[in-house]
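Data from start-v7.pdb: PDB, C-alpha atoms
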```
ATOM      1  CA  MET A   1      89.498-190.359 101.293
ATOM      2  CA  GLN A   2      88.892-192.353  98.114
ATOM      3  CA  LEU A   3      91.173-195.298  97.376
ATOM      4  CA  TYR A   4      92.002-196.181  93.772
ATOM      5  CA  PRO A   5      93.521-199.585  92.979
ATOM      6  CA  ALA A   6      95.757-199.128  89.942
ATOM      7  CA  ILE A   7      95.769-201.145  86.751
ATOM      8  CA  ASP A   8      98.612-200.115  84.441
ATOM      9  CA  LEU A   9      98.311-201.594  80.971
ATOM     10  CA  SER A  10     101.049-202.477  78.500
ATOM     11  CA  SER A  11     100.553-204.828  75.555
ATOM     12  CA  GLY A  12      97.212-205.852  77.055
ATOM     13  CA  ARG A  13      98.715-206.985  80.358
ATOM     14  CA  VAL A  14      98.744-205.552  83.881
ATOM     15  CA  VAL A  15     102.228-204.310  84.711
ATOM     16  CA  ARG A  16     103.949-202.052  87.196
ATOM     17  CA  LEU A  17     106.927-199.873  86.417
ATOM     18  CA  THR A  18     109.633-198.916  88.898
ATOM     19  CA  GLN A  19     110.201-195.146  88.991
ATOM     20  CA  GLY A  20     108.558-194.839  85.592
ATOM     21  CA  ASP A  21     111.193-196.942  83.843
ATOM     22  CA  PHE A  22     109.710-199.034  81.027
ATOM     23  CA  ALA A  23     112.793-201.260  81.181
ATOM     24  CA  ARG A  24     111.886-202.115  84.784
ATOM     25  CA  ALA A  25     108.363-203.418  84.220
ATOM     26  CA  THR A  26     106.913-206.353  86.134
ATOM     27  CA  VAL A  27     103.936-208.244  84.738
ATOM     28  CA  TYR A  28     101.424-209.015  87.499
ATOM     29  CA  GLU A  29      98.413-210.224  85.542
ATOM     30  CA  GLU A  30      97.830-211.410  81.985
ATOM     31  CA  ASP A  31      94.072-210.777  82.228
ATOM     32  CA  PRO A  32      93.175-207.167  83.177
ATOM     33  CA  ALA A  33      89.484-208.035  83.578
ATOM     34  CA  ARG A  34      90.384-210.644  86.193
ATOM     35  CA  ALA A  35      92.364-208.039  88.103
ATOM     36  CA  ALA A  36      89.414-205.630  87.957
ATOM     37  CA  ARG A  37      86.988-208.296  89.217
ATOM     38  CA  GLY A  38      89.347-209.122  92.067
ATOM     39  CA  PHE A  39      89.458-205.508  93.193
ATOM     40  CA  SER A  40      85.665-205.257  92.993
ATOM     41  CA  GLU A  41      85.209-208.417  95.063
ATOM     42  CA  LYS A  42      87.313-206.839  97.825
ATOM     43  CA  GLY A  43      85.124-203.753  97.889
ATOM     44  CA  ALA A  44      86.749-201.268  95.510
ATOM     45  CA  THR A  45      84.312-198.754  94.006
ATOM     46  CA  TRP A  46      86.868-196.914  91.844
ATOM     47  CA  LEU A  47      89.754-198.007  89.621
ATOM     48  CA  HIS A  48      92.668-196.010  88.250
ATOM     49  CA  VAL A  49      93.644-197.352  84.817
ATOM     50  CA  VAL A  50      96.668-196.141  82.835
ATOM     51  CA  ASP A  51      97.422-196.955  79.209
ATOM     52  CA  LEU A  52     101.214-196.921  79.389
ATOM     53  CA  ASP A  53     101.587-197.558  75.680
ATOM     54  CA  GLY A  54      99.247-194.683  74.928
ATOM     55  CA  ALA A  55     101.223-192.384  77.212
ATOM     56  CA  LYS A  56     104.305-192.970  75.066
ATOM     57  CA  THR A  57     102.675-192.759  71.640
ATOM     58  CA  GLY A  58      99.818-190.328  72.181
ATOM     59  CA  GLN A  59      97.310-192.846  70.803
ATOM     60  CA  PRO A  60      95.131-195.373  72.686
ATOM     61  CA  GLY A  61      97.126-198.592  72.876
ATOM     62  CA  ASN A  62      95.034-200.899  75.044
ATOM     63  CA  LEU A  63      91.391-200.406  74.086
ATOM     64  CA  PRO A  64      90.451-204.118  74.140
ATOM     65  CA  ALA A  65      91.869-204.447  77.645
ATOM     66  CA  LEU A  66      90.103-201.282  78.779
ATOM     67  CA  LYS A  67      86.784-202.491  77.378
ATOM     68  CA  ALA A  68      87.244-205.780  79.230
ATOM     69  CA  ILE A  69      87.928-203.912  82.471
ATOM     70  CA  ILE A  70      84.829-201.756  82.017
ATOM     71  CA  GLY A  71      82.754-204.883  81.442
ATOM     72  CA  ALA A  72      84.143-206.609  84.532
ATOM     73  CA  PHE A  73      84.096-203.751  87.035
ATOM     74  CA  PRO A  74      80.740-202.441  88.309
ATOM     75  CA  GLY A  75      82.169-199.317  89.910
ATOM     76  CA  LYS A  76      83.661-196.123  88.496
ATOM     77  CA  ILE A  77      86.850-195.926  86.453
ATOM     78  CA  GLN A  78      89.275-193.099  85.792
ATOM     79  CA  VAL A  79      91.617-193.545  82.832
ATOM     80  CA  GLY A  80      94.809-191.818  81.751
ATOM     81  CA  GLY A  81      97.526-192.282  79.177
ATOM     82  CA  GLY A  82      97.558-190.930  75.629
ATOM     83  CA  ILE A  83      94.403-188.806  75.800
ATOM     84  CA  ARG A  84      95.522-185.865  73.661
ATOM     85  CA  THR A  85      92.542-185.124  71.435
ATOM     86  CA  LEU A  86      88.904-184.296  72.052
ATOM     87  CA  ASP A  87      87.868-187.268  69.907
ATOM     88  CA  THR A  88      89.848-189.672  72.110
ATOM     89  CA  ALA A  89      88.329-188.131  75.233
ATOM     90  CA  ARG A  90      84.828-188.499  73.821
ATOM     91  CA  ARG A  91      85.512-192.099  72.876
ATOM     92  CA  TYR A  92      86.577-193.027  76.402
ATOM     93  CA  LEU A  93      83.612-191.264  77.988
ATOM     94  CA  GLU A  94      81.227-192.995  75.594
ATOM     95  CA  LEU A  95      82.729-196.346  76.624
ATOM     96  CA  GLY A  96      81.643-195.643  80.195
ATOM     97  CA  VAL A  97      84.738-194.116  81.765
ATOM     98  CA  GLU A  98      83.746-191.846  84.634
ATOM     99  CA  ARG A  99      86.796-189.562  84.713
ATOM    100  CA  LEU A 100      89.746-188.904  82.428
ATOM    101  CA  VAL A 101      93.247-188.109  83.635
ATOM    102  CA  LEU A 102      94.952-185.817  81.135
ATOM    103  CA  GLY A 103      98.717-185.401  81.060
ATOM    104  CA  THR A 104     100.823-184.356  78.098
ATOM    105  CA  GLY A 105      97.942-182.989  76.048
ATOM    106  CA  ALA A 106      96.614-180.726  78.809
ATOM    107  CA  LEU A 107     100.088-179.546  79.802
ATOM    108  CA  THR A 108     101.421-178.759  76.325
ATOM    109  CA  ASN A 109      98.370-177.934  74.196
ATOM    110  CA  PRO A 110      96.274-174.983  75.448
ATOM    111  CA  ASP A 111      93.737-175.435  72.651
ATOM    112  CA  PHE A 112      93.075-179.043  73.707
ATOM    113  CA  LEU A 113      92.786-178.073  77.360
ATOM    114  CA  GLY A 114      90.396-175.248  76.455
ATOM    115  CA  ALA A 115      88.232-177.607  74.420
ATOM    116  CA  MET A 116      88.131-180.093  77.284
ATOM    117  CA  LEU A 117      87.146-177.369  79.744
ATOM    118  CA  ARG A 118      84.324-176.276  77.451
ATOM    119  CA  GLU A 119      82.972-179.724  76.595
ATOM    120  CA  CYS A 120      84.011-182.029  79.454
ATOM    121  CA  SER A 121      84.361-179.748  82.470
ATOM    122  CA  GLY A 122      84.230-181.804  85.654
ATOM    123  CA  ARG A 123      84.913-185.064  83.806
ATOM    124  CA  PHE A 124      88.702-184.872  83.944
ATOM    125  CA  PHE A 125      91.643-184.266  86.256
ATOM    126  CA  VAL A 126      95.144-183.319  85.142
ATOM    127  CA  GLY A 127      97.962-185.703  85.971
ATOM    128  CA  VAL A 128     101.069-183.943  87.235
ATOM    129  CA  ASP A 129     103.966-186.402  87.263
ATOM    130  CA  VAL A 130     107.071-184.942  88.857
ATOM    131  CA  ARG A 131     110.712-185.964  88.636
ATOM    132  CA  GLY A 132     113.484-183.817  90.104
ATOM    133  CA  GLY A 133     111.177-180.864  90.567
ATOM    134  CA  LYS A 134     110.013-180.887  86.925
ATOM    135  CA  ILE A 135     106.818-182.166  85.331
ATOM    136  CA  ALA A 136     107.400-185.255  83.196
ATOM    137  CA  ILE A 137     105.376-185.853  80.021
ATOM    138  CA  SER A 138     105.148-188.341  77.123
ATOM    139  CA  GLY A 139     105.152-191.429  79.329
ATOM    140  CA  TRP A 140     107.671-189.793  81.669
ATOM    141  CA  LEU A 141     110.250-189.747  78.884
ATOM    142  CA  GLU A 142     110.492-185.925  78.714
ATOM    143  CA  THR A 143     110.258-183.051  81.170
ATOM    144  CA  THR A 144     108.848-179.526  80.976
ATOM    145  CA  GLU A 145     110.022-176.252  82.462
ATOM    146  CA  GLY A 146     108.223-174.456  85.250
ATOM    147  CA  SER A 147     107.224-175.188  88.818
ATOM    148  CA  PRO A 148     104.716-178.021  89.298
ATOM    149  CA  PHE A 149     102.952-176.048  92.021
ATOM    150  CA  ALA A 150     102.706-172.905  89.892
ATOM    151  CA  THR A 151     101.389-174.975  87.001
ATOM    152  CA  MET A 152      98.722-176.603  89.168
ATOM    153  CA  THR A 153      97.695-173.248  90.643
ATOM    154  CA  ARG A 154      97.286-171.799  87.149
ATOM    155  CA  LEU A 155      95.320-174.788  85.882
ATOM    156  CA  ALA A 156      93.012-174.696  88.906
ATOM    157  CA  SER A 157      92.332-171.006  88.238
ATOM    158  CA  GLU A 158      91.423-171.917  84.630
ATOM    159  CA  GLY A 159      88.807-174.384  85.835
ATOM    160  CA  VAL A 160      90.571-177.768  86.078
ATOM    161  CA  ALA A 161      88.553-179.820  88.560
ATOM    162  CA  GLY A 162      91.411-181.671  90.255
ATOM    163  CA  PHE A 163      94.795-183.325  89.965
ATOM    164  CA  VAL A 164      96.609-186.628  90.222
ATOM    165  CA  TYR A 165     100.076-185.848  91.565
ATOM    166  CA  THR A 166     102.715-188.544  91.125
ATOM    167  CA  ASP A 167     106.187-188.388  92.637
ATOM    168  CA  ILE A 168     108.056-190.505  90.086
ATOM    169  CA  SER A 169     111.013-191.084  92.401
ATOM    170  CA  LYS A 170     108.632-192.837  94.806
ATOM    171  CA  ASP A 171     106.630-194.770  92.217
ATOM    172  CA  GLY A 172     106.847-198.529  92.659
ATOM    173  CA  MET A 173     109.366-198.273  95.497
ATOM    174  CA  LEU A 174     106.954-199.041  98.394
ATOM    175  CA  GLU A 175     108.993-196.681 100.590
ATOM    176  CA  GLY A 176     106.245-194.217 101.435
ATOM    177  CA  PRO A 177     104.695-191.218  99.655
ATOM    178  CA  ASN A 178     106.097-187.680  99.576
ATOM    179  CA  LEU A 179     104.018-186.478 102.493
ATOM    180  CA  PRO A 180     105.398-182.893 102.765
ATOM    181  CA  VAL A 181     104.391-182.198  99.156
ATOM    182  CA  TYR A 182     100.895-183.601  99.652
ATOM    183  CA  ARG A 183     100.386-181.636 102.850
ATOM    184  CA  GLU A 184     101.356-178.415 101.051
ATOM    185  CA  LEU A 185      99.145-179.140  98.065
ATOM    186  CA  ALA A 186      96.117-180.032 100.185
ATOM    187  CA  ALA A 187      96.573-176.954 102.360
ATOM    188  CA  THR A 188      97.109-174.372  99.611
ATOM    189  CA  LEU A 189      95.645-175.609  96.321
ATOM    190  CA  ASN A 190      91.994-174.819  95.652
ATOM    191  CA  ALA A 191      91.277-178.207  94.023
ATOM    192  CA  PRO A 192      91.276-181.856  95.113
ATOM    193  CA  VAL A 193      94.520-183.798  94.809
ATOM    194  CA  ILE A 194      94.882-187.558  94.414
ATOM    195  CA  ALA A 195      98.230-188.890  95.651
ATOM    196  CA  SER A 196     100.191-191.452  93.660
ATOM    197  CA  GLY A 197     103.558-193.071  94.207
ATOM    198  CA  GLY A 198     105.274-194.911  97.032
ATOM    199  CA  ILE A 199     102.396-196.289  99.097
ATOM    200  CA  GLY A 200     103.663-199.468 100.708
ATOM    201  CA  SER A 201     101.680-199.893 103.933
ATOM    202  CA  LEU A 202      98.424-199.116 105.685
ATOM    203  CA  ASP A 203     100.309-196.526 107.700
ATOM    204  CA  ASP A 204     101.156-194.678 104.477
ATOM    205  CA  ILE A 205      97.445-194.525 103.683
ATOM    206  CA  LEU A 206      96.674-193.199 107.154
ATOM    207  CA  ARG A 207      99.341-190.501 106.790
ATOM    208  CA  LEU A 208      97.842-189.420 103.458
ATOM    209  CA  ARG A 209      94.393-189.203 105.049
ATOM    210  CA  GLU A 210      95.882-186.995 107.731
ATOM    211  CA  ALA A 211      97.469-184.874 104.991
ATOM    212  CA  LYS A 212      93.908-184.320 103.691
ATOM    213  CA  VAL A 213      94.394-185.370 100.098
ATOM    214  CA  SER A 214      91.158-186.381  98.401
ATOM    215  CA  GLY A 215      92.368-189.782  97.254
ATOM    216  CA  ALA A 216      95.255-192.209  96.977
ATOM    217  CA  ILE A 217      96.292-194.566  94.172
ATOM    218  CA  VAL A 218      97.772-197.894  95.237
ATOM    219  CA  GLY A 219      99.492-200.164  92.754
ATOM    220  CA  ARG A 220     102.438-202.460  93.414
ATOM    221  CA  ALA A 221     101.625-202.794  97.127
ATOM    222  CA  LEU A 222      98.320-204.475  96.267
ATOM    223  CA  TYR A 223      99.904-206.909  93.816
ATOM    224  CA  THR A 224     102.707-207.912  96.185
ATOM    225  CA  GLY A 225     100.411-208.231  99.206
ATOM    226  CA  ALA A 226     102.142-205.441 101.141
ATOM    227  CA  VAL A 227      98.739-203.763 101.461
ATOM    228  CA  ASP A 228      95.481-205.660 101.909
ATOM    229  CA  LEU A 229      92.846-203.908  99.831
ATOM    230  CA  ALA A 230      89.904-204.700 102.099
ATOM    231  CA  ALA A 231      91.787-203.356 105.133
ATOM    232  CA  ALA A 232      92.879-200.266 103.216
ATOM    233  CA  LEU A 233      89.322-199.523 102.102
ATOM    234  CA  ALA A 234      88.073-199.914 105.658
ATOM    235  CA  LEU A 235      90.754-197.501 106.861
ATOM    236  CA  CYS A 236      89.705-194.921 104.271
ATOM    237  CA  ARG A 237      86.102-195.126 105.483
ATOM    238  CA  GLU A 238      86.902-194.663 109.155
ATOM    239  CA  ASP A 239      86.559-191.270 110.804
ATOM    240  CA  LEU A 240      89.853-189.658 111.724
ATOM    241  CA  PRO A 241      90.328-188.960 115.445
ATOM    242  CA  PRO A 242      90.018-185.288 116.435
ATOM    243  CA  CYS A 243      93.242-183.264 116.409
TER     244      CYS A 243
END
```
Full structure transcribed into structure tokens:
Amino acid sequence: MQLYPAIDLSSGRVVRLTQGDFARATVYEEDPARAARGFSEKGATWLHVVDLDGAKTGQPGNLPALKAIIGAFPGKIQVGGGIRTLDTARRYLELGVERLVLGTGALTNPDFLGAMLRECSGRFFVGVDVRGGKIAISGWLETTEGSPFATMTRLASEGVAGFVYTDISKDGMLEGPNLPVYRELAATLNAPVIASGGIGSLDDILRLREAKVSGAIVGRALYTGAVDLAAALALCREDLPPC
């Protein structure tokens, strides 16, 4: 299982929201590049970066910070937040981003999704952020109709390479991920799923490995010290015991 330390950007700083609430943001680092270097020094090979401002506005809002992160981190980076046009997607990929995470644009604009599948197939996942059984969009400020699972099944059949599934009610709470949902997704969906939201301990990471998700995003727990990154990475590399 791949582990993704999270860097959420707002006004050029590293922040964490609680349950997706912009009014409940905590600033953890003024220098995003320093945060990226710190994760690299502890062994991280991937980062998950979110432009929170871009998610709200639909336009990149933290490009200088993202460029600094790319310059400081020698591994691979996946980026989400405000990627709603093919030009924006191209710009990020040209900067050196390995994978894009599309949200609102892919979920509400079939023409954009079709263009991405034609031009950037395999270079993006779709982020499915769920609150109260509905998919949240536009920086989690709005919701859409329809079942998240049905939506993911349809998108996978159309050629989407994978998904980042976030349980918003768990996000930033450090109370554990929504394991039943991840077990169901991993068992029935014909595409990899990265889990996001609620990880607060090494045991949570072990449970997600056992649920057979392809990856896990860890944010607040790394910044508070609840999870040691080096130990978490070692756990992700270990072989699971036979059932």
Result set, the PyMOL selection byres ((chain A and resi 153-155) around 10) on current file, as a PyMOL selection string: chain A and resi 106-107+113+126+147-152+156-163+185+188-191
What would the selection look like, as a PDB file with C-alpha atoms, keeping the file's coordinate frame, if the PyMOL selection byres ((chain A and resi 165) around 10) were run on the coordinates I just shared?
```pdb
ATOM      1  CA  VAL A 126      95.144-183.319  85.142  1.00  0.00           C
ATOM      2  CA  GLY A 127      97.962-185.703  85.971  1.00  0.00           C
ATOM      3  CA  VAL A 128     101.069-183.943  87.235  1.00  0.00           C
ATOM      4  CA  ASP A 129     103.966-186.402  87.263  1.00  0.00           C
ATOM      5  CA  VAL A 130     107.071-184.942  88.857  1.00  0.00           C
ATOM      6  CA  ILE A 135     106.818-182.166  85.331  1.00  0.00           C
ATOM      7  CA  PRO A 148     104.716-178.021  89.298  1.00  0.00           C
ATOM      8  CA  MET A 152      98.722-176.603  89.168  1.00  0.00           C
ATOM      9  CA  GLY A 162      91.411-181.671  90.255  1.00  0.00           C
ATOM     10  CA  PHE A 163      94.795-183.325  89.965  1.00  0.00           C
ATOM     11  CA  VAL A 164      96.609-186.628  90.222  1.00  0.00           C
ATOM     12  CA  THR A 166     102.715-188.544  91.125  1.00  0.00           C
ATOM     13  CA  ASP A 167     106.187-188.388  92.637  1.00  0.00           C
ATOM     14  CA  ILE A 168     108.056-190.505  90.086  1.00  0.00           C
ATOM     15  CA  VAL A 181     104.391-182.198  99.156  1.00  0.00           C
ATOM     16  CA  TYR A 182     100.895-183.601  99.652  1.00  0.00           C
ATOM     17  CA  LEU A 185      99.145-179.140  98.065  1.00  0.00           C
ATOM     18  CA  VAL A 193      94.520-183.798  94.809  1.00  0.00           C
ATOM     19  CA  ILE A 194      94.882-187.558  94.414  1.00  0.00           C
ATOM     20  CA  ALA A 195      98.230-188.890  95.651  1.00  0.00           C
ATOM     21  CA  SER A 196     100.191-191.452  93.660  1.00  0.00           C
ATOM     22  CA  GLY A 197     103.558-193.071  94.207  1.00  0.00           C
ATOM     23  CA  ALA A 216      95.255-192.209  96.977  1.00  0.00           C
ATOM     24  CA  ILE A 217      96.292-194.566  94.172  1.00  0.00           C
TER      25      ILE A 217
END
```
If we count all atoms listed in the file, what is near A:Leu229 at a cut-off of 9 Å, once residues fewer than 2 positions away on the same chain are taken out, given as a list in words?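 Listed by chain and then number, they are Pro5, Phe39, Lys42, Gly43, Ala44, Leu222, Gly225, Val227, Ala231, Ala232, Leu233 and Ala234 of chain A.
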Top pick for closest residue to A:Val49, considering A:Arg24, A:Arg99, A:Arg84, A:Arg91 and counting only C-alpha atoms: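 Closest to A:Val49 of all the choices is A:Arg99.
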Can you pull out the residues contacting A:Leu52? Cut-off 9 Å, using all atoms listed in the file, and skip same-chain residues under 3 positions away; I want them as a compact mmCIF listing (two decimals) with C-alpha atoms, in the frame of the given file.
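Result went into selection31.txt, see below:
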```txt
# COMPACT_ATOMS: atom_id res chain seq x y z
CA ASP A 8 98.61 -200.12 84.44
CA LEU A 9 98.31 -201.59 80.97
CA SER A 10 101.05 -202.48 78.50
CA SER A 11 100.55 -204.83 75.56
CA PHE A 22 109.71 -199.03 81.03
CA ALA A 55 101.22 -192.38 77.21
CA LYS A 56 104.30 -192.97 75.07
CA THR A 57 102.68 -192.76 71.64
CA GLY A 61 97.13 -198.59 72.88
CA ASN A 62 95.03 -200.90 75.04
CA GLY A 80 94.81 -191.82 81.75
CA GLY A 81 97.53 -192.28 79.18
CA GLY A 82 97.56 -190.93 75.63
CA GLY A 139 105.15 -191.43 79.33
```
Using the chain letters and numbering of this document, enumerate as an NGL selection string the residues selected by the PyMOL selection byres ((chain A and resi 32) around 7). :A and (13-14 or 29-31 or 33-36 or 65 or 69)
Of the candidates A:Ala230, A:Ile7, A:Cys120, A:Leu179, which one gets nearest to A:Ala211 if we count all atoms listed in the file?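 Looking at the shortest contact to A:Ala211, the residue is A:Leu179.
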What does the distance between atom CA of A:Arg131 and atom CA of A:Lys170 come to in Å, to one decimal place? 9.5 Å
Nearest-residue call for A:Ala226, choices A:Asp53, A:Glu238, A:Asp204, A:Glu210, using only C-alpha atoms: A:Asp204
For A:Phe112, list every protein, DNA or RNA residue within 7 Å, evaluated using all atoms listed in the file, and leave out those in the same chain fewer than 5 positions away; present the list as a list in words. Thr85, Leu86, Gly105 and Ala106 of chain A
State, in Å with one decimal place, the distance from atom CA of A:Leu100 to atom CA of A:Phe124.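 Atom CA of A:Leu100 sits 4.4 Å away from atom CA of A:Phe124.
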May I ask which of the residues A:His48, A:Gly58, A:Gln2, A:Pro64 is the closest one to A:Leu208, counting all atoms listed in the file? A:Gln2
From atom CA of A:Glu94 to atom CA of A:Ala136 the spacing works out at 28.3 Å
For A:Arg16, the nearest of the candidates A:Ala186, A:Val50, A:Ile205, A:Val101, counting only C-alpha atoms: A:Val50
